file work.txt (compact mmCIF, C-alpha atoms)
# COMPACT_ATOMS: atom_id res chain seq x y z
CA MET A 1 87.41 91.42 105.59
CA LYS A 2 88.34 94.83 106.99
CA SER A 3 89.68 93.39 110.21
CA ASN A 4 91.87 91.02 108.21
CA PHE A 5 93.09 93.88 106.03
CA LEU A 6 93.99 95.77 109.21
CA LYS A 7 95.64 92.69 110.76
CA SER A 8 97.97 92.48 107.81
CA ALA A 9 98.70 96.22 107.68
CA ILE A 10 99.21 96.57 111.43
CA PHE A 11 101.45 93.51 111.69
CA PHE A 12 103.84 94.57 108.93
CA GLY A 13 103.65 98.24 109.90
CA LEU A 14 104.72 97.36 113.46
CA ILE A 15 107.63 95.31 112.15
CA PHE A 16 108.81 98.14 109.88
CA GLY A 17 108.40 100.68 112.69
CA ALA A 18 110.42 98.47 115.03
CA ILE A 19 113.15 98.08 112.41
CA MET A 20 113.42 101.86 112.02
CA ILE A 21 113.67 102.26 115.80
CA LEU A 22 116.33 99.56 116.04
CA GLU A 23 118.26 101.11 113.17
CA PHE A 24 118.09 104.54 114.86
CA LEU A 25 119.27 103.17 118.22
CA VAL A 26 122.14 101.15 116.73
CA LEU A 27 123.43 104.04 114.60
CA ASN A 28 123.08 106.43 117.52
CA LYS A 29 124.84 104.07 119.95
CA LEU A 30 127.69 103.52 117.47
CA ASP A 31 127.83 107.30 116.95
CA VAL A 32 127.68 106.80 113.20
CA ASP A 33 126.84 109.92 111.26
CA GLY A 34 125.24 109.65 107.82
CA VAL A 35 126.60 113.07 106.87
CA LYS A 36 130.22 112.26 107.71
CA ASN A 37 129.78 108.87 106.06
CA PRO A 38 127.69 109.63 102.95
CA THR A 39 127.59 106.01 101.79
CA LEU A 40 125.91 105.00 105.04
CA GLY A 41 123.54 107.97 104.85
CA ILE A 42 122.48 107.08 101.31
CA THR A 43 122.08 103.40 102.24
CA VAL A 44 119.91 104.16 105.27
CA ASN A 45 117.74 106.55 103.26
CA LEU A 46 117.33 104.05 100.43
CA LEU A 47 116.33 101.38 102.92
CA ASN A 48 113.87 103.53 104.87
CA PHE A 49 112.27 105.43 102.00
CA MET A 50 112.36 102.95 99.11
CA ILE A 51 113.32 99.34 99.82
CA PHE A 52 111.66 98.65 103.19
CA PRO A 53 108.39 100.38 102.25
CA VAL A 54 108.08 98.29 99.08
CA VAL A 55 109.02 95.08 100.93
CA PHE A 56 106.63 95.59 103.85
CA VAL A 57 103.76 96.84 101.70
CA LEU A 58 104.24 93.83 99.42
CA LEU A 59 104.28 91.45 102.39
CA ALA A 60 101.14 93.03 103.84
CA ILE A 61 99.33 92.83 100.49
CA LEU A 62 100.37 89.25 99.79
CA THR A 63 99.43 88.17 103.32
CA TYR A 64 95.99 89.72 102.96
CA LYS A 65 95.53 88.34 99.45
CA ASN A 66 96.65 84.78 100.17
CA LYS A 67 95.83 84.25 103.83
CA TYR A 68 92.65 86.25 104.31
CA ASN A 69 91.08 86.84 100.90
CA SER A 70 91.29 83.55 98.94
CA GLY A 71 93.97 84.79 96.54
CA TYR A 72 92.14 87.94 95.47
CA VAL A 73 92.93 91.60 96.07
CA SER A 74 91.49 94.65 94.36
CA PHE A 75 93.44 97.77 93.50
CA SER A 76 91.55 99.82 96.13
CA GLU A 77 92.41 97.21 98.77
CA ILE A 78 96.06 97.37 97.69
CA LEU A 79 96.08 101.15 98.15
CA ARG A 80 94.43 100.93 101.58
CA ILE A 81 96.80 98.21 102.76
CA GLY A 82 99.87 100.08 101.54
CA ALA A 83 98.85 103.38 103.10
CA ALA A 84 97.79 101.74 106.37
CA THR A 85 100.99 99.73 106.66
CA MET A 86 103.14 102.83 106.25
CA VAL A 87 100.94 104.92 108.57
CA VAL A 88 101.39 102.34 111.34
CA ALA A 89 105.16 102.23 110.79
CA ALA A 90 105.39 106.03 110.74
CA LEU A 91 103.25 106.37 113.87
CA VAL A 92 105.41 103.89 115.78
CA PHE A 93 108.68 105.50 114.72
CA SER A 94 107.60 109.14 115.05
CA LEU A 95 106.15 108.64 118.54
CA PHE A 96 109.33 106.86 119.57
CA ASN A 97 111.45 109.64 118.07
CA LEU A 98 109.43 112.35 119.81
CA ALA A 99 109.71 110.53 123.16
CA TYR A 100 113.43 109.97 122.63
CA ASN A 101 114.00 113.65 121.90
CA TYR A 102 112.18 114.58 125.12
CA MET A 103 113.96 111.96 127.24
CA PHE A 104 117.38 112.83 125.82
CA PRO A 105 117.38 116.57 125.03
CA GLU A 106 121.15 116.42 124.57
CA PHE A 107 120.53 114.36 121.43
CA VAL A 108 118.65 117.28 119.89
CA GLU A 109 121.45 119.68 120.84
CA GLN A 110 124.12 117.34 119.45
CA THR A 111 122.20 117.04 116.20
CA ILE A 112 121.76 120.81 115.95
CA GLU A 113 125.47 121.32 116.63
CA LYS A 114 126.43 118.86 113.88
CA MET A 115 124.10 120.65 111.48
CA ARG A 116 125.55 124.03 112.50
CA ASN A 117 129.11 122.85 111.82
CA ILE A 118 128.12 121.46 108.42
CA ALA A 119 126.27 124.64 107.42
CA LEU A 120 129.09 126.92 108.55
CA ASN A 121 131.70 124.77 106.80
CA GLN A 122 129.66 124.83 103.59
CA ARG A 123 129.31 128.60 103.91
CA GLU A 124 133.06 129.05 104.34
CA THR A 125 133.81 126.70 101.44
CA MET A 126 131.47 128.63 99.15
CA LEU A 127 133.03 131.96 100.18
CA ALA A 128 136.53 130.54 99.63
CA GLN A 129 135.47 129.45 96.12
CA GLY A 130 134.50 133.00 95.26
CA ALA A 131 130.82 133.22 96.22
CA THR A 132 129.75 136.60 97.54
CA GLU A 133 128.07 137.23 100.92
CA GLU A 134 124.77 137.78 99.08
CA GLU A 135 124.97 134.35 97.44
CA VAL A 136 125.38 132.37 100.66
CA ASN A 137 123.23 132.11 103.75
CA SER A 138 124.15 134.59 106.45
CA ILE A 139 125.11 133.26 109.87
CA GLU A 140 121.85 134.74 111.21
CA LYS A 141 119.85 132.88 108.55
CA ILE A 142 121.64 129.62 109.41
CA GLU A 143 120.81 130.14 113.10
CA GLN A 144 117.14 130.81 112.26
CA GLN A 145 116.98 127.59 110.25
CA LEU A 146 118.62 125.62 113.04
CA GLU A 147 116.14 127.05 115.56
CA GLY A 148 113.29 125.93 113.31
CA THR A 149 114.82 122.47 113.11
CA ARG A 150 115.18 122.34 116.91
CA LYS A 151 111.52 123.28 117.38
CA SER A 152 110.34 120.70 114.85
CA MET A 153 112.41 117.97 116.52
CA GLN A 154 110.78 118.76 119.86
CA SER A 155 107.18 119.28 118.74
CA PHE A 156 104.22 117.05 118.11
CA PHE A 157 104.06 118.55 114.62
CA SER A 158 106.74 116.08 113.55
CA VAL A 159 104.36 113.15 114.13
CA PRO A 160 101.70 114.06 111.54
CA MET A 161 104.35 115.21 109.07
CA THR A 162 106.10 111.84 109.30
CA ILE A 163 102.78 110.01 108.96
CA VAL A 164 101.78 111.99 105.86
CA MET A 165 105.21 111.46 104.28
CA TYR A 166 105.10 107.69 104.81
CA ALA A 167 101.44 107.46 103.74
CA VAL A 168 102.43 108.98 100.40
CA ILE A 169 105.35 106.55 100.15
CA GLY A 170 102.92 103.70 100.94
CA ILE A 171 100.50 104.81 98.23
CA ILE A 172 103.27 105.14 95.64
CA SER A 173 104.62 101.70 96.60
CA SER A 174 101.09 100.28 96.38
CA ILE A 175 100.52 101.66 92.89
CA ILE A 176 103.69 99.98 91.68
CA ILE A 177 102.97 96.71 93.49
CA GLY A 178 99.33 96.76 92.42
CA ALA A 179 100.34 96.54 88.79
CA PHE A 180 101.77 93.09 89.50
CA VAL A 181 99.64 91.50 92.25
CA LYS A 182 96.10 92.79 91.65
CA LYS A 183 93.60 89.99 91.11
CA ASP A 184 89.92 90.87 91.22
CA LYS A 185 87.31 88.34 92.28
CA PRO A 186 85.37 86.91 89.35
CA VAL A 187 81.87 88.28 88.94
call {"tool": "encode", "arguments": {"input": "work.txt", "output": "structure tokens"}}
result
Amino acid sequence: MKSNFLKSAIFFGLIFGAIMILEFLVLNKLDVDGVKNPTLGITVNLLNFMIFPVVFVLLAILTYKNKYNSGYVSFSEILRIGAATMVVAALVFSLFNLAYNYMFPEFVEQTIEKMRNIALNQRETMLAQGATEEEVNSIEKIEQQLEGTRKSMQSFFSVPMTIVMYAVIGIISSIIIGAFVKKDKPV
């Protein structure tokens, strides 16, 4: 049964990973910025961190349950399928993202520049509203944070961090889904 459990998780994980890549490429090609357009940013985040994980974990679980396991699925199987599905999706997307950042280093610099402008604008707005220099990030602190972001975008460390984050999302989704679809085999 394990190979069937993996078939289901890998299949739906690959689809979700491909969707995230396609979404990234389309938004990047259209030069759409989720920060400048907060509605889009919120929508994309809701899709990638809540809706799609639940949908693809549910599809993987139901496929395993109905196609490979005679209509039965235990809670432990649900958790494994959910985590595995999201790990596959995260692995696909994070490896793509890492490769993209290496192939197109100007993308990293453009992203850092956008973040710099946002942080400096926020700093100036806070100062204009009466905040003191001690209450806002210094320009040096902002630059340190941006340098950390640049390094994380260009390092392999981003891959395991993305995998862990999506594994947790997969487990949480599985717990919720498991309450509705769990059906143990009769003894």
call {"tool": "closest_residue", "arguments": {"input": "work.txt", "among": "A:Glu106, A:Tyr64, A:Ile142, A:Gly82", "to": "Arg123 (chain A)", "atoms": "only C-alpha atoms"}}
result
A:Ile142
call {"tool": "residues_around", "arguments": {"input": "work.txt", "residues": "Met153 (chain A)", "least_positions_apart": "6", "cutoff": "10 Å", "atoms": "only C-alpha atoms", "output": "JSON, numbers by chain"}}
result
{"A": [97, 98, 101, 102, 105, 108, 111, 112, 147, 159]}
call {"tool": "residues_around", "arguments": {"input": "work.txt", "residues": "Ala119 (chain A)", "least_positions_apart": "6", "cutoff": "10 Å", "atoms": "only C-alpha atoms", "output": "PyMOL selection string"}}
result
chain A and resi 113+125+137+139+142-143+146
call {"tool": "closest_atom_pairs", "arguments": {"input": "work.txt", "of": "region 35-146 of chain A", "to": "region 6-17 of chain A", "cutoff": "10 Å", "atoms": "all atoms listed in the file", "output": "JSON lines"}}
result
{"residue": "A:Asn48", "atom": "CA", "partner": "A:Phe16", "partner_atom": "CA", "distance": 8.9}
{"residue": "A:Phe52", "atom": "CA", "partner": "A:Phe16", "partner_atom": "CA", "distance": 7.3}
{"residue": "A:Pro53", "atom": "CA", "partner": "A:Phe16", "partner_atom": "CA", "distance": 8.0}
{"residue": "A:Val55", "atom": "CA", "partner": "A:Phe16", "partner_atom": "CA", "distance": 9.5}
{"residue": "A:Phe56", "atom": "CA", "partner": "A:Phe12", "partner_atom": "CA", "distance": 5.9}
{"residue": "A:Val57", "atom": "CA", "partner": "A:Phe12", "partner_atom": "CA", "distance": 7.6}
{"residue": "A:Leu58", "atom": "CA", "partner": "A:Phe12", "partner_atom": "CA", "distance": 9.5}
{"residue": "A:Leu59", "atom": "CA", "partner": "A:Phe12", "partner_atom": "CA", "distance": 7.3}
{"residue": "A:Ala60", "atom": "CA", "partner": "A:Ser8", "partner_atom": "CA", "distance": 5.1}
{"residue": "A:Ile61", "atom": "CA", "partner": "A:Ser8", "partner_atom": "CA", "distance": 7.5}
{"residue": "A:Leu62", "atom": "CA", "partner": "A:Ser8", "partner_atom": "CA", "distance": 9.0}
{"residue": "A:Thr63", "atom": "CA", "partner": "A:Ser8", "partner_atom": "CA", "distance": 6.4}
{"residue": "A:Tyr64", "atom": "CA", "partner": "A:Ser8", "partner_atom": "CA", "distance": 5.9}
{"residue": "A:Lys65", "atom": "CA", "partner": "A:Ser8", "partner_atom": "CA", "distance": 9.6}
{"residue": "A:Lys67", "atom": "CA", "partner": "A:Ser8", "partner_atom": "CA", "distance": 9.4}
{"residue": "A:Tyr68", "atom": "CA", "partner": "A:Ser8", "partner_atom": "CA", "distance": 8.9}
{"residue": "A:Arg80", "atom": "CA", "partner": "A:Ala9", "partner_atom": "CA", "distance": 8.8}
{"residue": "A:Ile81", "atom": "CA", "partner": "A:Ala9", "partner_atom": "CA", "distance": 5.6}
{"residue": "A:Gly82", "atom": "CA", "partner": "A:Ala9", "partner_atom": "CA", "distance": 7.3}
{"residue": "A:Ala83", "atom": "CA", "partner": "A:Ala9", "partner_atom": "CA", "distance": 8.5}
{"residue": "A:Ala84", "atom": "CA", "partner": "A:Ala9", "partner_atom": "CA", "distance": 5.7}
{"residue": "A:Thr85", "atom": "CA", "partner": "A:Ala9", "partner_atom": "CA", "distance": 4.3}
{"residue": "A:Met86", "atom": "CA", "partner": "A:Gly13", "partner_atom": "CA", "distance": 5.9}
{"residue": "A:Val87", "atom": "CA", "partner": "A:Gly13", "partner_atom": "CA", "distance": 7.3}
{"residue": "A:Val88", "atom": "CA", "partner": "A:Gly13", "partner_atom": "CA", "distance": 4.9}
{"residue": "A:Ala89", "atom": "CA", "partner": "A:Gly17", "partner_atom": "CA", "distance": 4.1}
{"residue": "A:Ala90", "atom": "CA", "partner": "A:Gly17", "partner_atom": "CA", "distance": 6.4}
{"residue": "A:Leu91", "atom": "CA", "partner": "A:Gly17", "partner_atom": "CA", "distance": 7.8}
{"residue": "A:Val92", "atom": "CA", "partner": "A:Gly17", "partner_atom": "CA", "distance": 5.4}
{"residue": "A:Phe93", "atom": "CA", "partner": "A:Gly17", "partner_atom": "CA", "distance": 5.2}
{"residue": "A:Ser94", "atom": "CA", "partner": "A:Gly17", "partner_atom": "CA", "distance": 8.8}
{"residue": "A:Phe96", "atom": "CA", "partner": "A:Gly17", "partner_atom": "CA", "distance": 9.3}
call {"tool": "residues_near_point", "arguments": {"input": "work.txt", "point": "(106.2, 103.2, 96.0)", "cutoff": "10 Å", "atoms": "all atoms listed in the file", "output": "VMD selection string"}}
result
chain A and resid 49 to 51 53 to 55 57 82 166 168 to 177
call {"tool": "atom_distance", "arguments": {"input": "work.txt", "atom1": "CA of Phe157 (chain A)", "atom2": "CA of Phe24 (chain A)"}}
result
19.8 Å
call {"tool": "atom_distance", "arguments": {"input": "work.txt", "atom1": "CA of Pro186 (chain A)", "atom2": "CA of Asn66 (chain A)"}}
result
15.8 Å
call {"tool": "atom_distance", "arguments": {"input": "work.txt", "atom1": "CA of Val136 (chain A)", "atom2": "CA of Gln110 (chain A)"}}
result
24.1 Å
call {"tool": "decode", "arguments": {"input": "work.txt", "residues": "region 51-69 of chain A", "atoms": "C-alpha atoms", "output": "PDB file, in the first residue's frame"}}
result
ATOM      1  CA  ILE A  51      -6.880  26.833  -0.307  1.00  0.00           C
ATOM      2  CA  PHE A  52      -4.545  24.881  -2.612  1.00  0.00           C
ATOM      3  CA  PRO A  53      -2.978  22.867   0.232  1.00  0.00           C
ATOM      4  CA  VAL A  54      -6.404  21.772   1.473  1.00  0.00           C
ATOM      5  CA  VAL A  55      -7.600  20.980  -2.068  1.00  0.00           C
ATOM      6  CA  PHE A  56      -4.532  18.970  -3.090  1.00  0.00           C
ATOM      7  CA  VAL A  57      -4.226  17.148   0.225  1.00  0.00           C
ATOM      8  CA  LEU A  58      -7.924  16.266   0.013  1.00  0.00           C
ATOM      9  CA  LEU A  59      -7.524  15.023  -3.565  1.00  0.00           C
ATOM     10  CA  ALA A  60      -4.487  12.931  -2.619  1.00  0.00           C
ATOM     11  CA  ILE A  61      -6.294  11.415   0.373  1.00  0.00           C
ATOM     12  CA  LEU A  62      -9.484  10.672  -1.540  1.00  0.00           C
ATOM     13  CA  THR A  63      -7.533   9.155  -4.432  1.00  0.00           C
ATOM     14  CA  TYR A  64      -5.642   6.884  -2.068  1.00  0.00           C
ATOM     15  CA  LYS A  65      -8.777   6.007  -0.112  1.00  0.00           C
ATOM     16  CA  ASN A  66     -11.027   5.263  -3.084  1.00  0.00           C
ATOM     17  CA  LYS A  67      -8.652   4.110  -5.806  1.00  0.00           C
ATOM     18  CA  TYR A  68      -5.979   2.235  -3.886  1.00  0.00           C
ATOM     19  CA  ASN A  69      -7.384   1.302  -0.471  1.00  0.00           C
TER      20      ASN A  69
END
